[in-house]
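Report on one structure; see the data block that follows.
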Amino acid sequence: MDFDNILGNSRVKKILRLALQKNRLPNSLLFYGPEGVGKRRLALSLAKAVNCERLRDDACGECPTCLAISAGRFPDVQEIRPAGQVIKVEHMREMRQAAYMRPMVGRKRIFIISEADKMNDDSSNTVLKILEEPPLFSHFILVTDNHHLILPTIKSRCQALQFVPVGREEIAGALVEKGCREDRARIISLFVQGNLEEALELNWDEVQSARREGWDLFLSIVKPEKPSLFLRSYGFAQRNLIREDLKKILEIMASFCRDLVLLKEGGDLSLLLNPDYGEDIRALANFRGLEKCWEFLRRVDGAVSGLDKSLNMSLIASAFYSLLGEDTHDRDILSRL
Ligand SMILES: [Zn+2]
């Protein structure tokens with residue numbers, strides 16, 4: 001069944017299934033959450049489930065309707081995507097026209113607005129008008145990685161469903177199923193932070209080079225050098241930082257730190273997140289006290305949640321580093337915050 005083929009987010013799937021069983025699917029839905037966790041895929045499955053010829057609370061994936069929707073040639077299911085960087089108002093107007101016409105062949109019309117955060121003011125206002133009085137036979141699924149960019153007035157008219165990262169075990173399992181080596185699958189599952197799509201596309205060399213960078217940065221903090229490698233790479237001087245890259249590098253560093261804690265506490269070595277760095281991490285065991293390690297992990301959490309809130313990236317990176325308390329530029333940085 002289609003819903004079961006989508007990994008993770010069982011809570012969302014359960015809510016949708018219940019709504020379908022009770023025939024009470026909201027007309028306006030907002031699927032939001034991080035990238036690559038199956039939001040768009042589930043929106044498509046939902047479009048199938050609503051119209052499936054065999055099932056009521058899932059999509060069989062095999063009937064002519066399900067197949068036509070998968071192939072993008074079912075007239076009552078439409079996906080609207082940005083043209084370039086913007087979802088154009090013309091497309092929203094076309095959607096409005098179609099939305100008020102009865103379904104042609106299916107039970108309901110479904111409109112999936114992908115990357116809904118890319119609606120400009122005109123597009124948003126057009127959608128808002130539709131959502132104020134949605135036709136009973138049409139459903140709208142807005143899909144976004146950046147829900148804070150959607151107008152509150154639109155949000156308030158949608159039933160919002162939050163998607164969460166896919167679990168590491170599930171991701172590792174999916175990779176092994178595709179023929180990936182188990183040790184690599186485990187490392188990749190850690191590396192992608194719940195982004196299943198990325199996990200399936202990643203190549204191992206990229207993963208390894210990012211981990212090497214993370215290791216060098218971690219090392220430069222454990223055994224401070226000046227000027228700091230971390231600040232040089234991610235501090236004020238850097239203008240072209242990518243939010244996800246910084247987040248990833250912080251998480252990789254945290255994974256080395258967690259391994260260091262595990263070694264210090266004499267934990268089960270099979271639980272190492274980076275077994276291939278075991279010896280290198282062991283060599284650091286005397287460098288940092290446990291308290292410092294925990295502090296490091298708390299700082300990573302703080303920085304990552306700052307990044308999730310879209311705060312200024314190089315400020316976060318610099319504050320993260322300076323608050324670790326080992327940088328001679330501390331005062332200079334703190335005075336700029
Ligand atoms: Zn079907």
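As shown in the structure tokens, the chain order sets the letters A, B, ...; within each chain, residues go from 1, and ligands are also counted from 1 in the order they appear.
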Find the nearest atom pair between each residue of chain A and ligand 1 for residues within 9 Å, count only C-alpha atoms and all ligand atoms, give distances in Å to one decimal, sort rows by chain and ascending number, and present the table as CSV.
```
residue,atom,partner,partner_atom_place_in_ligand_line,distance
A:Lys48,CA,ligand 1,1 (Zn),6.5
A:Ala49,CA,ligand 1,1 (Zn),6.8
A:Asn51,CA,ligand 1,1 (Zn),7.3
A:Cys52,CA,ligand 1,1 (Zn),3.8
A:Glu53,CA,ligand 1,1 (Zn),5.0
A:Arg54,CA,ligand 1,1 (Zn),5.3
A:Leu55,CA,ligand 1,1 (Zn),6.4
A:Asp58,CA,ligand 1,1 (Zn),8.1
A:Ala59,CA,ligand 1,1 (Zn),4.9
A:Cys60,CA,ligand 1,1 (Zn),4.0
A:Gly61,CA,ligand 1,1 (Zn),4.9
A:Glu62,CA,ligand 1,1 (Zn),5.3
A:Cys63,CA,ligand 1,1 (Zn),4.2
A:Pro64,CA,ligand 1,1 (Zn),6.9
A:Thr65,CA,ligand 1,1 (Zn),5.9
A:Cys66,CA,ligand 1,1 (Zn),4.4
A:Leu67,CA,ligand 1,1 (Zn),7.4
```
Next, dump the selected residues to file, keeping only C-alpha atoms, as a short mmCIF file (atom, residue, chain, number, x, y, z; two decimals), in the first residue's frame.
```cif
data_model
loop_
_atom_site.label_atom_id
_atom_site.label_comp_id
_atom_site.auth_asym_id
_atom_site.auth_seq_id
_atom_site.Cartn_x
_atom_site.Cartn_y
_atom_site.Cartn_z
CA LYS A 48 -4.34 8.73 -5.01
CA ALA A 49 -5.99 7.52 -1.82
CA ASN A 51 -9.50 8.80 -5.70
CA CYS A 52 -8.36 5.15 -5.53
CA GLU A 53 -10.79 2.68 -7.09
CA ARG A 54 -10.06 -0.08 -4.60
CA LEU A 55 -9.27 1.43 -1.21
CA ASP A 58 -4.87 4.34 1.33
CA ALA A 59 -3.83 4.10 -2.31
CA CYS A 60 -3.57 0.65 -3.85
CA GLY A 61 -1.00 1.97 -6.30
CA GLU A 62 -2.24 -0.43 -8.98
CA CYS A 63 -5.70 0.60 -10.16
CA PRO A 64 -5.95 2.71 -13.35
CA THR A 65 -6.58 5.84 -11.26
CA CYS A 66 -3.57 5.32 -8.99
CA LEU A 67 -1.39 4.58 -12.01
#
```
Item to complete: Check range 32-211 of chain A with DSSP on the backbone and list each residue it calls helix (DSSP H, G or I), as number ranges by chain.
Response: A: 39-51, 64-70, 89-99, 116-118, 121-132, 147-149, 152-155, 168-177, 182-191, 196-201, 204-211
Discussion item. List the spatial neighbours of Gly278 in chain A as a list in words - criterion: any atom at most 9 Å away, only C-alpha atoms, same-chain residues fewer than 4 positions off excluded.
Written reply: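 Residues near the query, excluding close chain neighbours: Asp259, Leu260, Leu263, Leu269, Leu272, Asn274, Arg282 and Ala283 of chain A.
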Per residue of range 135-218 of chain A within 9 Å of range 242-250 of chain A, what are the shortest atom pair and its distance in Å to one decimal, counting only C-alpha atoms, with rows by chain and residue number, as CSV?
```
residue,atom,partner,partner_atom,distance
A:Phe191,CA,A:Lys248,CA,7.3
A:Val192,CA,A:Lys248,CA,7.8
A:Gln193,CA,A:Lys248,CA,8.0
A:Ala210,CA,A:Ile249,CA,7.4
A:Arg211,CA,A:Ile249,CA,7.9
A:Glu213,CA,A:Ile249,CA,7.8
A:Gly214,CA,A:Ile249,CA,5.5
A:Leu217,CA,A:Ile249,CA,8.6
A:Phe218,CA,A:Leu250,CA,8.9
```
With a distance cut-off of 12 Å and only C-alpha atoms, select the neighbouring residues of Arg40 in chain A, excluding the residue or stretch itself and same-chain residues fewer than 4 positions from it, and output the selection as a PDB file with C-alpha atoms, in the first residue's frame.
```pdb
ATOM      1  CA  ILE A   6       6.715   5.946   2.554  1.00  0.00           C
ATOM      2  CA  LEU A  30      -0.328  22.289   4.978  1.00  0.00           C
ATOM      3  CA  PHE A  31       2.459  19.710   4.943  1.00  0.00           C
ATOM      4  CA  TYR A  32       5.522  21.239   6.521  1.00  0.00           C
ATOM      5  CA  GLY A  33       8.816  20.054   7.919  1.00  0.00           C
ATOM      6  CA  PRO A  34      12.408  19.495   6.864  1.00  0.00           C
ATOM      7  CA  GLU A  35      13.556  18.691   3.365  1.00  0.00           C
ATOM      8  CA  GLY A  36      13.575  15.174   1.991  1.00  0.00           C
ATOM      9  CA  LEU A  44       0.716  12.441  -4.044  1.00  0.00           C
ATOM     10  CA  SER A  45      -0.233   9.269  -2.196  1.00  0.00           C
ATOM     11  CA  LEU A  46      -3.032  11.143  -0.518  1.00  0.00           C
ATOM     12  CA  ALA A  47      -4.257  12.365  -3.897  1.00  0.00           C
ATOM     13  CA  GLU A  79       0.626  19.868  -8.974  1.00  0.00           C
ATOM     14  CA  ILE A  80       1.592  23.524  -9.044  1.00  0.00           C
ATOM     15  CA  ARG A  81       5.299  24.305  -8.769  1.00  0.00           C
ATOM     16  CA  PHE A 111      -4.252  20.527  -5.954  1.00  0.00           C
ATOM     17  CA  ILE A 112      -0.747  20.094  -4.590  1.00  0.00           C
ATOM     18  CA  ILE A 113       1.133  23.362  -4.235  1.00  0.00           C
ATOM     19  CA  SER A 114       4.791  22.370  -3.978  1.00  0.00           C
ATOM     20  CA  GLU A 115       7.287  24.788  -2.428  1.00  0.00           C
ATOM     21  CA  ALA A 116       4.315  26.846  -1.317  1.00  0.00           C
ATOM     22  CA  ILE A 141      -2.266  20.480  -0.120  1.00  0.00           C
ATOM     23  CA  LEU A 142       0.379  23.118   0.441  1.00  0.00           C
ATOM     24  CA  VAL A 143       3.845  21.603   0.799  1.00  0.00           C
ATOM     25  CA  THR A 144       6.790  23.514   2.232  1.00  0.00           C
ATOM     26  CA  ASP A 145      10.195  23.187   3.887  1.00  0.00           C
ATOM     27  CA  PHE A 163       6.612  16.175   9.264  1.00  0.00           C
ATOM     28  CA  GLU A 197      15.890  11.487  -0.162  1.00  0.00           C
TER      29      GLU A 197
END
```
Fill in: d(CA of Pro75 in chain A, CA of Leu131 in chain A) in Å
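Those two atoms sit 20.9 Å apart.
Minimum atom-to-atom distances from A:Lys292, A:Leu161, A:Ile150, A:Leu229 to Ser318 in chain A were compared using only C-alpha atoms, and the lowest value belongs to A:Leu229.
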Worksheet item: When you draw a straight line from CA of Arg73 in chain A to CA of Arg41 in chain A, how long is it in Å?
Response: 16.1 Å
Worksheet item: Quick one: of A:Arg102, A:Arg168, A:Arg258, A:Arg157, who's nearest to Glu295 in chain A, counting only C-alpha atoms?
Response: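 The shortest atom-to-atom distance to Glu295 in chain A comes from A:Arg258.
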Fill in: Separation of CA of Lys14 in chain A from CA of Val164 in chain A in Å
14.0 Å
Discussion item. So that I can check the secondary structure, give me every residue of range 84-286 of chain A assigned strand (DSSP E) by backbone DSSP, as a list in words.
Written reply: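 The residues of range 84-286 of chain A classed as strand (DSSP E) are Arg109, Ile110, Phe111, Ile112, Ile113, Ser138, His139, Phe140, Ile141, Leu142, Val143, Thr144, Gln159, Ala160, Leu161 and Gln162 of chain A.
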Dump as a PDB file, in the first residue's frame, selection limited to C-alpha atoms:
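Once written, selection_37.pdb looks like this:
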```pdb
ATOM      1  CA  ARG A 109      -9.999  17.339  -7.236  1.00  0.00           C
ATOM      2  CA  ILE A 110      -6.628  17.605  -5.547  1.00  0.00           C
ATOM      3  CA  PHE A 111      -4.252  20.527  -5.954  1.00  0.00           C
ATOM      4  CA  ILE A 112      -0.747  20.094  -4.590  1.00  0.00           C
ATOM      5  CA  ILE A 113       1.133  23.362  -4.235  1.00  0.00           C
ATOM      6  CA  SER A 138     -11.565  20.209  -4.055  1.00  0.00           C
ATOM      7  CA  HIS A 139      -8.669  19.695  -1.690  1.00  0.00           C
ATOM      8  CA  PHE A 140      -5.531  21.802  -1.482  1.00  0.00           C
ATOM      9  CA  ILE A 141      -2.266  20.480  -0.120  1.00  0.00           C
ATOM     10  CA  LEU A 142       0.379  23.118   0.441  1.00  0.00           C
ATOM     11  CA  VAL A 143       3.845  21.603   0.799  1.00  0.00           C
ATOM     12  CA  THR A 144       6.790  23.514   2.232  1.00  0.00           C
ATOM     13  CA  GLN A 159      -4.947  21.976   8.806  1.00  0.00           C
ATOM     14  CA  ALA A 160      -1.177  21.956   9.365  1.00  0.00           C
ATOM     15  CA  LEU A 161       0.618  18.634   9.628  1.00  0.00           C
ATOM     16  CA  GLN A 162       4.199  18.675  10.763  1.00  0.00           C
TER      17      GLN A 162
END
```
Item to complete: Please identify all polymer residues within 7 Å of range 117-121 of chain A, counting only C-alpha atoms, omitting same-chain residues fewer than 2 positions from it, and present them as a PyMOL selection string.
Response: chain A and resi 82+85-88+115+123-125+144+146-147+149-150
Selection to disk with C-alpha atoms, as a PDB file, in the first residue's frame:
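Written output follows (selection_11.pdb):
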```
ATOM      1  CA  PRO A  82       7.309  27.500  -8.882  1.00  0.00           C
ATOM      2  CA  GLN A  85      11.846  31.211  -7.964  1.00  0.00           C
ATOM      3  CA  VAL A  86       8.171  32.155  -7.818  1.00  0.00           C
ATOM      4  CA  ILE A  87       4.782  30.509  -7.959  1.00  0.00           C
ATOM      5  CA  LYS A  88       3.106  32.753 -10.447  1.00  0.00           C
ATOM      6  CA  GLU A 115       7.287  24.788  -2.428  1.00  0.00           C
ATOM      7  CA  SER A 123      -0.319  34.308  -5.538  1.00  0.00           C
ATOM      8  CA  SER A 124      -0.818  34.172  -1.779  1.00  0.00           C
ATOM      9  CA  ASN A 125      -3.841  36.429  -1.987  1.00  0.00           C
ATOM     10  CA  THR A 144       6.790  23.514   2.232  1.00  0.00           C
ATOM     11  CA  ASN A 146       9.904  26.784   5.144  1.00  0.00           C
ATOM     12  CA  HIS A 147       6.542  27.209   6.787  1.00  0.00           C
ATOM     13  CA  LEU A 149       7.461  32.059   5.004  1.00  0.00           C
ATOM     14  CA  ILE A 150       3.767  31.227   4.530  1.00  0.00           C
TER      15      ILE A 150
END
```
Worksheet item: Pick the closest to Gly106 in chain A from A:Met92, A:Ile221, A:Ile130, A:Val77: which is it, counting only C-alpha atoms?
Response: A:Val77
Would you pick out the contacts of Ile171 in chain A at 12 Å or less, using only C-alpha atoms, so that residues sharing its chain but fewer than 2 positions from it are not included, and give the list as a CSV table (one decimal) with N, CA and C atoms, in the first residue's frame?
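To be explicit, this is the file written out as result.csv:
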```csv
chain,number,residue,atom,x,y,z
A,6,ILE,N,6.0,4.7,2.2
A,6,ILE,CA,6.7,5.9,2.6
A,6,ILE,C,7.3,5.8,4.0
A,7,LEU,N,8.6,5.9,4.1
A,7,LEU,CA,9.2,5.7,5.4
A,7,LEU,C,8.9,6.8,6.4
A,8,GLY,N,8.8,6.5,7.6
A,8,GLY,CA,8.7,7.5,8.7
A,8,GLY,C,7.4,8.2,8.7
A,36,GLY,N,13.2,16.6,2.3
A,36,GLY,CA,13.6,15.2,2.0
A,36,GLY,C,12.9,14.1,2.9
A,37,VAL,N,11.8,14.5,3.6
A,37,VAL,CA,11.3,13.5,4.5
A,37,VAL,C,10.0,12.9,4.0
A,165,PRO,N,12.0,14.5,10.8
A,165,PRO,CA,13.0,13.7,10.1
A,165,PRO,C,12.7,12.2,10.2
A,166,VAL,N,13.1,11.5,9.2
A,166,VAL,CA,12.9,10.0,9.2
A,166,VAL,C,14.0,9.4,10.1
A,167,GLY,N,13.6,8.4,10.9
A,167,GLY,CA,14.5,7.8,11.9
A,167,GLY,C,15.7,7.2,11.3
A,168,ARG,N,16.8,7.2,12.0
A,168,ARG,CA,18.1,6.7,11.5
A,168,ARG,C,18.0,5.2,11.2
A,169,GLU,N,17.4,4.5,12.0
A,169,GLU,CA,17.2,3.0,11.8
A,169,GLU,C,16.5,2.8,10.4
A,173,GLY,N,18.1,1.1,7.2
A,173,GLY,CA,17.4,-0.1,6.7
A,173,GLY,C,17.1,0.0,5.2
A,174,ALA,N,16.7,1.2,4.8
A,174,ALA,CA,16.3,1.5,3.4
A,174,ALA,C,17.6,1.4,2.5
A,175,LEU,N,18.7,1.9,3.0
A,175,LEU,CA,20.0,1.9,2.3
A,175,LEU,C,20.5,0.4,2.1
A,176,VAL,N,20.4,-0.3,3.2
A,176,VAL,CA,20.9,-1.7,3.1
A,176,VAL,C,20.0,-2.5,2.1
A,177,GLU,N,18.7,-2.2,2.1
A,177,GLU,CA,17.8,-2.9,1.2
A,177,GLU,C,18.3,-2.6,-0.3
A,178,LYS,N,18.8,-1.4,-0.5
A,178,LYS,CA,19.3,-1.0,-1.8
A,178,LYS,C,20.7,-1.5,-2.1
A,180,CYS,N,23.5,-1.2,0.0
A,180,CYS,CA,24.6,-0.4,0.6
A,180,CYS,C,25.1,-1.3,1.8
A,182,GLU,N,26.4,-2.3,5.4
A,182,GLU,CA,25.7,-2.0,6.6
A,182,GLU,C,26.5,-0.8,7.4
A,184,ARG,N,28.4,1.5,6.2
A,184,ARG,CA,28.2,2.7,5.5
A,184,ARG,C,26.8,3.3,5.7
A,185,ALA,N,25.9,2.3,5.6
A,185,ALA,CA,24.5,2.8,5.8
A,185,ALA,C,24.3,3.5,7.1
A,186,ARG,N,24.9,2.9,8.2
A,186,ARG,CA,24.8,3.5,9.5
A,186,ARG,C,25.4,4.9,9.5
A,187,ILE,N,26.5,5.1,8.9
A,187,ILE,CA,27.2,6.4,8.9
A,187,ILE,C,26.4,7.4,8.1
A,188,ILE,N,25.9,6.9,6.9
A,188,ILE,CA,25.1,7.8,6.1
A,188,ILE,C,23.8,8.3,6.8
A,189,SER,N,23.2,7.3,7.5
A,189,SER,CA,21.9,7.6,8.2
A,189,SER,C,22.2,8.7,9.3
A,190,LEU,N,23.4,8.7,9.8
A,190,LEU,CA,23.7,9.7,10.8
A,190,LEU,C,23.9,11.1,10.1
A,191,PHE,N,24.6,11.0,9.0
A,191,PHE,CA,25.0,12.1,8.2
A,191,PHE,C,23.9,13.0,7.7
A,192,VAL,N,22.8,12.3,7.2
A,192,VAL,CA,21.7,13.0,6.5
A,192,VAL,C,20.7,13.6,7.4
A,193,GLN,N,20.7,13.4,8.7
A,193,GLN,CA,19.8,14.0,9.6
A,193,GLN,C,18.3,13.8,9.2
A,194,GLY,N,18.0,12.6,8.9
A,194,GLY,CA,16.6,12.3,8.7
A,194,GLY,C,16.1,12.7,7.3
A,195,ASN,N,17.0,13.1,6.4
A,195,ASN,CA,16.6,13.4,5.0
A,195,ASN,C,16.8,12.2,4.2
A,196,LEU,N,15.7,11.4,4.1
A,196,LEU,CA,15.8,10.1,3.4
A,196,LEU,C,16.2,10.3,1.9
A,197,GLU,N,15.6,11.3,1.3
A,197,GLU,CA,15.9,11.5,-0.2
A,197,GLU,C,17.4,11.7,-0.4
A,198,GLU,N,18.0,12.5,0.5
A,198,GLU,CA,19.4,12.8,0.4
A,198,GLU,C,20.2,11.5,0.6
A,199,ALA,N,19.7,10.7,1.6
A,199,ALA,CA,20.4,9.5,1.9
A,199,ALA,C,20.5,8.6,0.6
A,200,LEU,N,19.4,8.5,-0.1
A,200,LEU,CA,19.3,7.6,-1.2
A,200,LEU,C,20.2,8.1,-2.4
```
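With only C-alpha atoms taken into account, the protein and nucleic acid residues at most 12 Å from Asp216 in chain A (excluding it and anything under 5 positions from it in its own chain) are Ser209, Ala210, Arg211, Ile221, Val222, Lys223, Pro224, Glu225, Ser228, Leu229, Phe230, Ser233, Ile249, Leu250, Ile252, Met253, Phe256, Tyr277, Asp280 and Ile281 of chain A.
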Expected file contents, prior selection, N, CA and C atoms, as an mmCIF file, in the first residue's frame:
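As a result, selection-v3.cif now contains:
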```cif
data_model
loop_
_atom_site.group_PDB
_atom_site.id
_atom_site.type_symbol
_atom_site.label_atom_id
_atom_site.label_comp_id
_atom_site.auth_asym_id
_atom_site.auth_seq_id
_atom_site.Cartn_x
_atom_site.Cartn_y
_atom_site.Cartn_z
ATOM 1 N N SER A 209 34.316 12.946 2.542
ATOM 2 C CA SER A 209 35.066 14.203 2.579
ATOM 3 C C SER A 209 34.423 15.179 3.571
ATOM 4 N N ALA A 210 33.096 15.160 3.691
ATOM 5 C CA ALA A 210 32.455 16.023 4.696
ATOM 6 C C ALA A 210 32.839 15.572 6.104
ATOM 7 N N ARG A 211 32.921 14.277 6.303
ATOM 8 C CA ARG A 211 33.290 13.786 7.639
ATOM 9 C C ARG A 211 34.729 14.169 7.963
ATOM 10 N N ILE A 221 39.144 22.272 17.575
ATOM 11 C CA ILE A 221 38.508 22.822 18.779
ATOM 12 C C ILE A 221 39.006 22.085 20.022
ATOM 13 N N VAL A 222 39.175 20.778 19.882
ATOM 14 C CA VAL A 222 39.679 20.006 21.019
ATOM 15 C C VAL A 222 41.110 20.419 21.342
ATOM 16 N N LYS A 223 41.907 20.557 20.294
ATOM 17 C CA LYS A 223 43.291 21.015 20.502
ATOM 18 C C LYS A 223 43.408 22.376 19.835
ATOM 19 N N PRO A 224 43.003 23.423 20.523
ATOM 20 C CA PRO A 224 42.857 24.730 19.861
ATOM 21 C C PRO A 224 44.129 25.187 19.152
ATOM 22 N N GLU A 225 43.934 25.709 17.978
ATOM 23 C CA GLU A 225 45.037 26.314 17.257
ATOM 24 C C GLU A 225 44.587 27.718 16.871
ATOM 25 N N SER A 228 41.789 30.097 14.549
ATOM 26 C CA SER A 228 40.995 28.879 14.559
ATOM 27 C C SER A 228 40.521 28.464 13.165
ATOM 28 N N LEU A 229 40.702 27.193 12.879
ATOM 29 C CA LEU A 229 40.219 26.646 11.607
ATOM 30 C C LEU A 229 38.711 26.823 11.492
ATOM 31 N N PHE A 230 38.011 26.625 12.632
ATOM 32 C CA PHE A 230 36.556 26.729 12.601
ATOM 33 C C PHE A 230 36.117 28.149 12.231
ATOM 34 N N SER A 233 36.738 29.000 8.676
ATOM 35 C CA SER A 233 35.815 28.374 7.731
ATOM 36 C C SER A 233 34.388 28.884 7.861
ATOM 37 N N ILE A 249 27.838 20.259 9.360
ATOM 38 C CA ILE A 249 29.195 20.166 9.899
ATOM 39 C C ILE A 249 29.149 20.166 11.435
ATOM 40 N N LEU A 250 28.227 20.948 12.002
ATOM 41 C CA LEU A 250 28.090 20.948 13.463
ATOM 42 C C LEU A 250 27.654 19.568 13.956
ATOM 43 N N ILE A 252 28.157 16.718 12.477
ATOM 44 C CA ILE A 252 29.255 15.747 12.322
ATOM 45 C C ILE A 252 30.225 15.901 13.494
ATOM 46 N N MET A 253 30.542 17.173 13.821
ATOM 47 C CA MET A 253 31.440 17.401 14.953
ATOM 48 C C MET A 253 30.837 16.824 16.229
ATOM 49 N N PHE A 256 31.374 13.125 16.565
ATOM 50 C CA PHE A 256 32.703 12.756 17.068
ATOM 51 C C PHE A 256 32.770 12.979 18.582
ATOM 52 N N TYR A 277 36.727 5.959 12.899
ATOM 53 C CA TYR A 277 37.598 6.952 13.537
ATOM 54 C C TYR A 277 37.938 6.545 14.976
ATOM 55 N N ASP A 280 41.463 7.264 16.286
ATOM 56 C CA ASP A 280 41.740 8.707 16.372
ATOM 57 C C ASP A 280 41.029 9.320 17.567
ATOM 58 N N ILE A 281 39.798 8.875 17.798
ATOM 59 C CA ILE A 281 39.030 9.442 18.911
ATOM 60 C C ILE A 281 39.649 8.983 20.239
#
```
